[in-house]
Amino acid sequence: MVEVHLWSGLRSLTGGQQVVEVEAKTTGELLQALARVHPQLQAPIDAGVSISINGRVIASGLTEPIPEGSEVYLMQRLRGG
């Protein structure tokens, strides 16, 4: 199981939960599992999110492995400017 910490804008879509647990081994599996458990997250996921794994931000790439015990955050996609 992966504990996923949600940025504040997503918490209302999960009943106020700050942390959601899902079964996933890659970033793609993580996003699929989150949308399956909380269908309201599908629209923000489709719009673009970033995943932080142990402090490293992954903005794209669905095959990135999630090591067991990782600190995982789901946040609004970070963009340069």
# chains A, B, ... in the order shown; residues from 1 in each chain; ligands from 1
call {"tool": "residues_around", "arguments": {"residues": "Glu3 of chain A", "least_positions_apart": "6", "cutoff": "9 Å", "atoms": "only C-alpha atoms", "output": "ChimeraX atom specification"}}
result
/A:19-23,69-73
call {"tool": "select_by_dssp", "arguments": {"residues": "chain A", "states": "strand (DSSP E)", "output": "list of chain:residue names"}}
result
A:Val2, A:Glu3, A:Val4, A:His5, A:Leu6, A:Val19, A:Val20, A:Glu21, A:Val22, A:Val49, A:Ser50, A:Ile51, A:Ser52, A:Ile53, A:Arg56, A:Val57, A:Ile58, A:Val72, A:Tyr73, A:Leu74, A:Met75, A:Gln76
call {"tool": "write_last_selection", "arguments": {"atoms": "N, CA and C atoms", "output": "PDB file, in the first residue's frame"}}
result
ATOM      1  N   VAL A   2       0.408   2.257  -0.701  1.00  0.00           N
ATOM      2  CA  VAL A   2       1.105   3.533  -0.777  1.00  0.00           C
ATOM      3  C   VAL A   2       0.234   4.580  -0.102  1.00  0.00           C
ATOM      4  N   GLU A   3       0.818   5.331   0.807  1.00  0.00           N
ATOM      5  CA  GLU A   3       0.130   6.470   1.411  1.00  0.00           C
ATOM      6  C   GLU A   3       0.398   7.681   0.535  1.00  0.00           C
ATOM      7  N   VAL A   4      -0.678   8.302   0.052  1.00  0.00           N
ATOM      8  CA  VAL A   4      -0.558   9.460  -0.834  1.00  0.00           C
ATOM      9  C   VAL A   4      -1.089  10.684  -0.101  1.00  0.00           C
ATOM     10  N   HIS A   5      -0.226  11.663   0.118  1.00  0.00           N
ATOM     11  CA  HIS A   5      -0.614  12.917   0.754  1.00  0.00           C
ATOM     12  C   HIS A   5      -1.175  13.822  -0.342  1.00  0.00           C
ATOM     13  N   LEU A   6      -2.345  14.400  -0.097  1.00  0.00           N
ATOM     14  CA  LEU A   6      -3.018  15.218  -1.109  1.00  0.00           C
ATOM     15  C   LEU A   6      -2.838  16.701  -0.835  1.00  0.00           C
ATOM     16  N   VAL A  19      -4.695  12.125   3.582  1.00  0.00           N
ATOM     17  CA  VAL A  19      -3.885  10.993   3.143  1.00  0.00           C
ATOM     18  C   VAL A  19      -4.809   9.878   2.684  1.00  0.00           C
ATOM     19  N   VAL A  20      -4.517   9.319   1.508  1.00  0.00           N
ATOM     20  CA  VAL A  20      -5.305   8.226   0.937  1.00  0.00           C
ATOM     21  C   VAL A  20      -4.353   7.059   0.695  1.00  0.00           C
ATOM     22  N   GLU A  21      -4.783   5.849   1.004  1.00  0.00           N
ATOM     23  CA  GLU A  21      -3.961   4.665   0.756  1.00  0.00           C
ATOM     24  C   GLU A  21      -4.485   3.907  -0.455  1.00  0.00           C
ATOM     25  N   VAL A  22      -3.574   3.554  -1.361  1.00  0.00           N
ATOM     26  CA  VAL A  22      -3.923   2.760  -2.540  1.00  0.00           C
ATOM     27  C   VAL A  22      -2.818   1.746  -2.796  1.00  0.00           C
ATOM     28  N   VAL A  49      -1.371  16.595 -12.971  1.00  0.00           N
ATOM     29  CA  VAL A  49      -0.881  16.625 -11.600  1.00  0.00           C
ATOM     30  C   VAL A  49       0.598  16.247 -11.595  1.00  0.00           C
ATOM     31  N   SER A  50       1.254  16.559 -10.510  1.00  0.00           N
ATOM     32  CA  SER A  50       2.627  16.125 -10.296  1.00  0.00           C
ATOM     33  C   SER A  50       2.628  15.195  -9.100  1.00  0.00           C
ATOM     34  N   ILE A  51       3.518  14.242  -9.129  1.00  0.00           N
ATOM     35  CA  ILE A  51       3.677  13.309  -8.027  1.00  0.00           C
ATOM     36  C   ILE A  51       5.085  13.498  -7.490  1.00  0.00           C
ATOM     37  N   SER A  52       5.179  13.669  -6.186  1.00  0.00           N
ATOM     38  CA  SER A  52       6.480  13.755  -5.538  1.00  0.00           C
ATOM     39  C   SER A  52       6.736  12.445  -4.815  1.00  0.00           C
ATOM     40  N   ILE A  53       7.851  11.817  -5.143  1.00  0.00           N
ATOM     41  CA  ILE A  53       8.250  10.572  -4.491  1.00  0.00           C
ATOM     42  C   ILE A  53       9.568  10.845  -3.783  1.00  0.00           C
ATOM     43  N   ARG A  56      11.335  13.991  -4.876  1.00  0.00           N
ATOM     44  CA  ARG A  56      11.636  14.153  -6.306  1.00  0.00           C
ATOM     45  C   ARG A  56      10.327  14.281  -7.070  1.00  0.00           C
ATOM     46  N   VAL A  57      10.134  15.390  -7.769  1.00  0.00           N
ATOM     47  CA  VAL A  57       8.882  15.651  -8.476  1.00  0.00           C
ATOM     48  C   VAL A  57       8.897  14.975  -9.835  1.00  0.00           C
ATOM     49  N   ILE A  58       7.829  14.218 -10.084  1.00  0.00           N
ATOM     50  CA  ILE A  58       7.648  13.548 -11.370  1.00  0.00           C
ATOM     51  C   ILE A  58       6.406  14.173 -12.007  1.00  0.00           C
ATOM     52  N   VAL A  72       4.969   9.966  -0.574  1.00  0.00           N
ATOM     53  CA  VAL A  72       4.349  10.312  -1.854  1.00  0.00           C
ATOM     54  C   VAL A  72       3.356  11.454  -1.659  1.00  0.00           C
ATOM     55  N   TYR A  73       3.463  12.468  -2.513  1.00  0.00           N
ATOM     56  CA  TYR A  73       2.536  13.599  -2.507  1.00  0.00           C
ATOM     57  C   TYR A  73       1.951  13.761  -3.906  1.00  0.00           C
ATOM     58  N   LEU A  74       0.654  14.047  -3.953  1.00  0.00           N
ATOM     59  CA  LEU A  74      -0.027  14.369  -5.209  1.00  0.00           C
ATOM     60  C   LEU A  74      -0.377  15.849  -5.149  1.00  0.00           C
ATOM     61  N   MET A  75       0.078  16.605  -6.153  1.00  0.00           N
ATOM     62  CA  MET A  75      -0.133  18.051  -6.126  1.00  0.00           C
ATOM     63  C   MET A  75      -0.447  18.583  -7.511  1.00  0.00           C
ATOM     64  N   GLN A  76      -0.885  19.820  -7.517  1.00  0.00           N
ATOM     65  CA  GLN A  76      -1.133  20.479  -8.792  1.00  0.00           C
ATOM     66  C   GLN A  76       0.159  20.485  -9.581  1.00  0.00           C
TER      67      GLN A  76
END
call {"tool": "residues_around", "arguments": {"residues": "segment 7-13 of chain A", "least_positions_apart": "4", "cutoff": "6 Å", "atoms": "only C-alpha atoms", "output": "PDB file with C-alpha atoms, in the first residue's frame"}}
result
ATOM      1  CA  GLN A  17      -8.947  13.163   3.655  1.00  0.00           C
ATOM      2  CA  GLN A  18      -5.375  14.439   3.731  1.00  0.00           C
ATOM      3  CA  GLN A  40     -13.941  12.744  -8.299  1.00  0.00           C
ATOM      4  CA  MET A  75      -0.133  18.051  -6.126  1.00  0.00           C
TER       5      MET A  75
END
call {"tool": "select_by_dssp", "arguments": {"residues": "segment 3-53 of chain A", "states": "alpha helix (DSSP H)", "output": "VMD selection string"}}
result
chain A and resid 8 to 11 27 to 37 42 to 47
call {"tool": "write_last_selection", "arguments": {"atoms": "N, CA, C and O atoms", "output": "mmCIF file, in the first residue's frame"}}
result
data_model
loop_
_atom_site.group_PDB
_atom_site.id
_atom_site.type_symbol
_atom_site.label_atom_id
_atom_site.label_comp_id
_atom_site.auth_asym_id
_atom_site.auth_seq_id
_atom_site.Cartn_x
_atom_site.Cartn_y
_atom_site.Cartn_z
ATOM 1 N N SER A 8 -4.037 20.539 -0.741
ATOM 2 C CA SER A 8 -5.294 21.002 -0.147
ATOM 3 C C SER A 8 -6.437 21.094 -1.145
ATOM 4 O O SER A 8 -7.582 20.816 -0.794
ATOM 5 N N GLY A 9 -6.182 21.446 -2.394
ATOM 6 C CA GLY A 9 -7.238 21.567 -3.385
ATOM 7 C C GLY A 9 -7.917 20.255 -3.740
ATOM 8 O O GLY A 9 -9.027 20.251 -4.272
ATOM 9 N N LEU A 10 -7.277 19.140 -3.455
ATOM 10 C CA LEU A 10 -7.864 17.825 -3.761
ATOM 11 C C LEU A 10 -8.624 17.216 -2.593
ATOM 12 O O LEU A 10 -9.406 16.299 -2.785
ATOM 13 N N ARG A 11 -8.395 17.706 -1.410
ATOM 14 C CA ARG A 11 -8.977 17.082 -0.221
ATOM 15 C C ARG A 11 -10.496 17.101 -0.220
ATOM 16 O O ARG A 11 -11.124 16.170 0.276
ATOM 17 N N THR A 27 3.805 5.081 -10.941
ATOM 18 C CA THR A 27 3.009 6.302 -10.925
ATOM 19 C C THR A 27 1.705 6.130 -11.705
ATOM 20 O O THR A 27 0.665 6.647 -11.295
ATOM 21 N N GLY A 28 1.734 5.391 -12.793
ATOM 22 C CA GLY A 28 0.516 5.146 -13.560
ATOM 23 C C GLY A 28 -0.506 4.352 -12.760
ATOM 24 O O GLY A 28 -1.695 4.690 -12.743
ATOM 25 N N GLU A 29 -0.041 3.311 -12.085
ATOM 26 C CA GLU A 29 -0.939 2.522 -11.236
ATOM 27 C C GLU A 29 -1.499 3.378 -10.109
ATOM 28 O O GLU A 29 -2.661 3.241 -9.731
ATOM 29 N N LEU A 30 -0.679 4.274 -9.583
ATOM 30 C CA LEU A 30 -1.108 5.161 -8.508
ATOM 31 C C LEU A 30 -2.277 6.034 -8.969
ATOM 32 O O LEU A 30 -3.303 6.126 -8.291
ATOM 33 N N LEU A 31 -2.133 6.671 -10.124
ATOM 34 C CA LEU A 31 -3.197 7.544 -10.626
ATOM 35 C C LEU A 31 -4.464 6.757 -10.934
ATOM 36 O O LEU A 31 -5.579 7.220 -10.638
ATOM 37 N N GLN A 32 -4.325 5.577 -11.509
ATOM 38 C CA GLN A 32 -5.493 4.738 -11.792
ATOM 39 C C GLN A 32 -6.199 4.336 -10.505
ATOM 40 O O GLN A 32 -7.427 4.384 -10.418
ATOM 41 N N ALA A 33 -5.428 3.935 -9.503
ATOM 42 C CA ALA A 33 -6.003 3.503 -8.232
ATOM 43 C C ALA A 33 -6.704 4.664 -7.524
ATOM 44 O O ALA A 33 -7.791 4.488 -6.961
ATOM 45 N N LEU A 34 -6.097 5.845 -7.557
ATOM 46 C CA LEU A 34 -6.731 7.005 -6.928
ATOM 47 C C LEU A 34 -8.068 7.322 -7.587
ATOM 48 O O LEU A 34 -9.059 7.590 -6.907
ATOM 49 N N ALA A 35 -8.117 7.294 -8.911
ATOM 50 C CA ALA A 35 -9.364 7.580 -9.628
ATOM 51 C C ALA A 35 -10.407 6.492 -9.393
ATOM 52 O O ALA A 35 -11.603 6.775 -9.360
ATOM 53 N N ARG A 36 -9.962 5.260 -9.207
ATOM 54 C CA ARG A 36 -10.897 4.160 -8.943
ATOM 55 C C ARG A 36 -11.517 4.296 -7.546
ATOM 56 O O ARG A 36 -12.708 4.150 -7.368
ATOM 57 N N VAL A 37 -10.692 4.628 -6.557
ATOM 58 C CA VAL A 37 -11.167 4.750 -5.177
ATOM 59 C C VAL A 37 -11.945 6.056 -4.974
ATOM 60 O O VAL A 37 -12.921 6.096 -4.237
ATOM 61 N N GLN A 42 -10.609 12.100 -10.909
ATOM 62 C CA GLN A 42 -10.279 11.872 -12.318
ATOM 63 C C GLN A 42 -10.091 13.172 -13.092
ATOM 64 O O GLN A 42 -9.134 13.304 -13.861
ATOM 65 N N ALA A 43 -10.968 14.154 -12.897
ATOM 66 C CA ALA A 43 -10.848 15.417 -13.640
ATOM 67 C C ALA A 43 -9.548 16.146 -13.326
ATOM 68 O O ALA A 43 -8.834 16.558 -14.252
ATOM 69 N N PRO A 44 -9.168 16.321 -12.060
ATOM 70 C CA PRO A 44 -7.874 16.960 -11.794
ATOM 71 C C PRO A 44 -6.694 16.144 -12.312
ATOM 72 O O PRO A 44 -5.708 16.718 -12.798
ATOM 73 N N ILE A 45 -6.782 14.832 -12.230
ATOM 74 C CA ILE A 45 -5.704 13.984 -12.757
ATOM 75 C C ILE A 45 -5.588 14.188 -14.265
ATOM 76 O O ILE A 45 -4.489 14.348 -14.794
ATOM 77 N N ASP A 46 -6.720 14.217 -14.959
ATOM 78 C CA ASP A 46 -6.709 14.440 -16.409
ATOM 79 C C ASP A 46 -6.155 15.819 -16.766
ATOM 80 O O ASP A 46 -5.512 15.990 -17.799
ATOM 81 N N ALA A 47 -6.427 16.819 -15.904
ATOM 82 C CA ALA A 47 -5.951 18.185 -16.159
ATOM 83 C C ALA A 47 -4.451 18.311 -15.943
ATOM 84 O O ALA A 47 -3.814 19.209 -16.477
#
call {"tool": "closest_residue", "arguments": {"among": "A:Ala24, A:Gly61, A:Arg77, A:Ile66", "to": "Gly48 of chain A", "atoms": "only C-alpha atoms"}}
result
A:Arg77
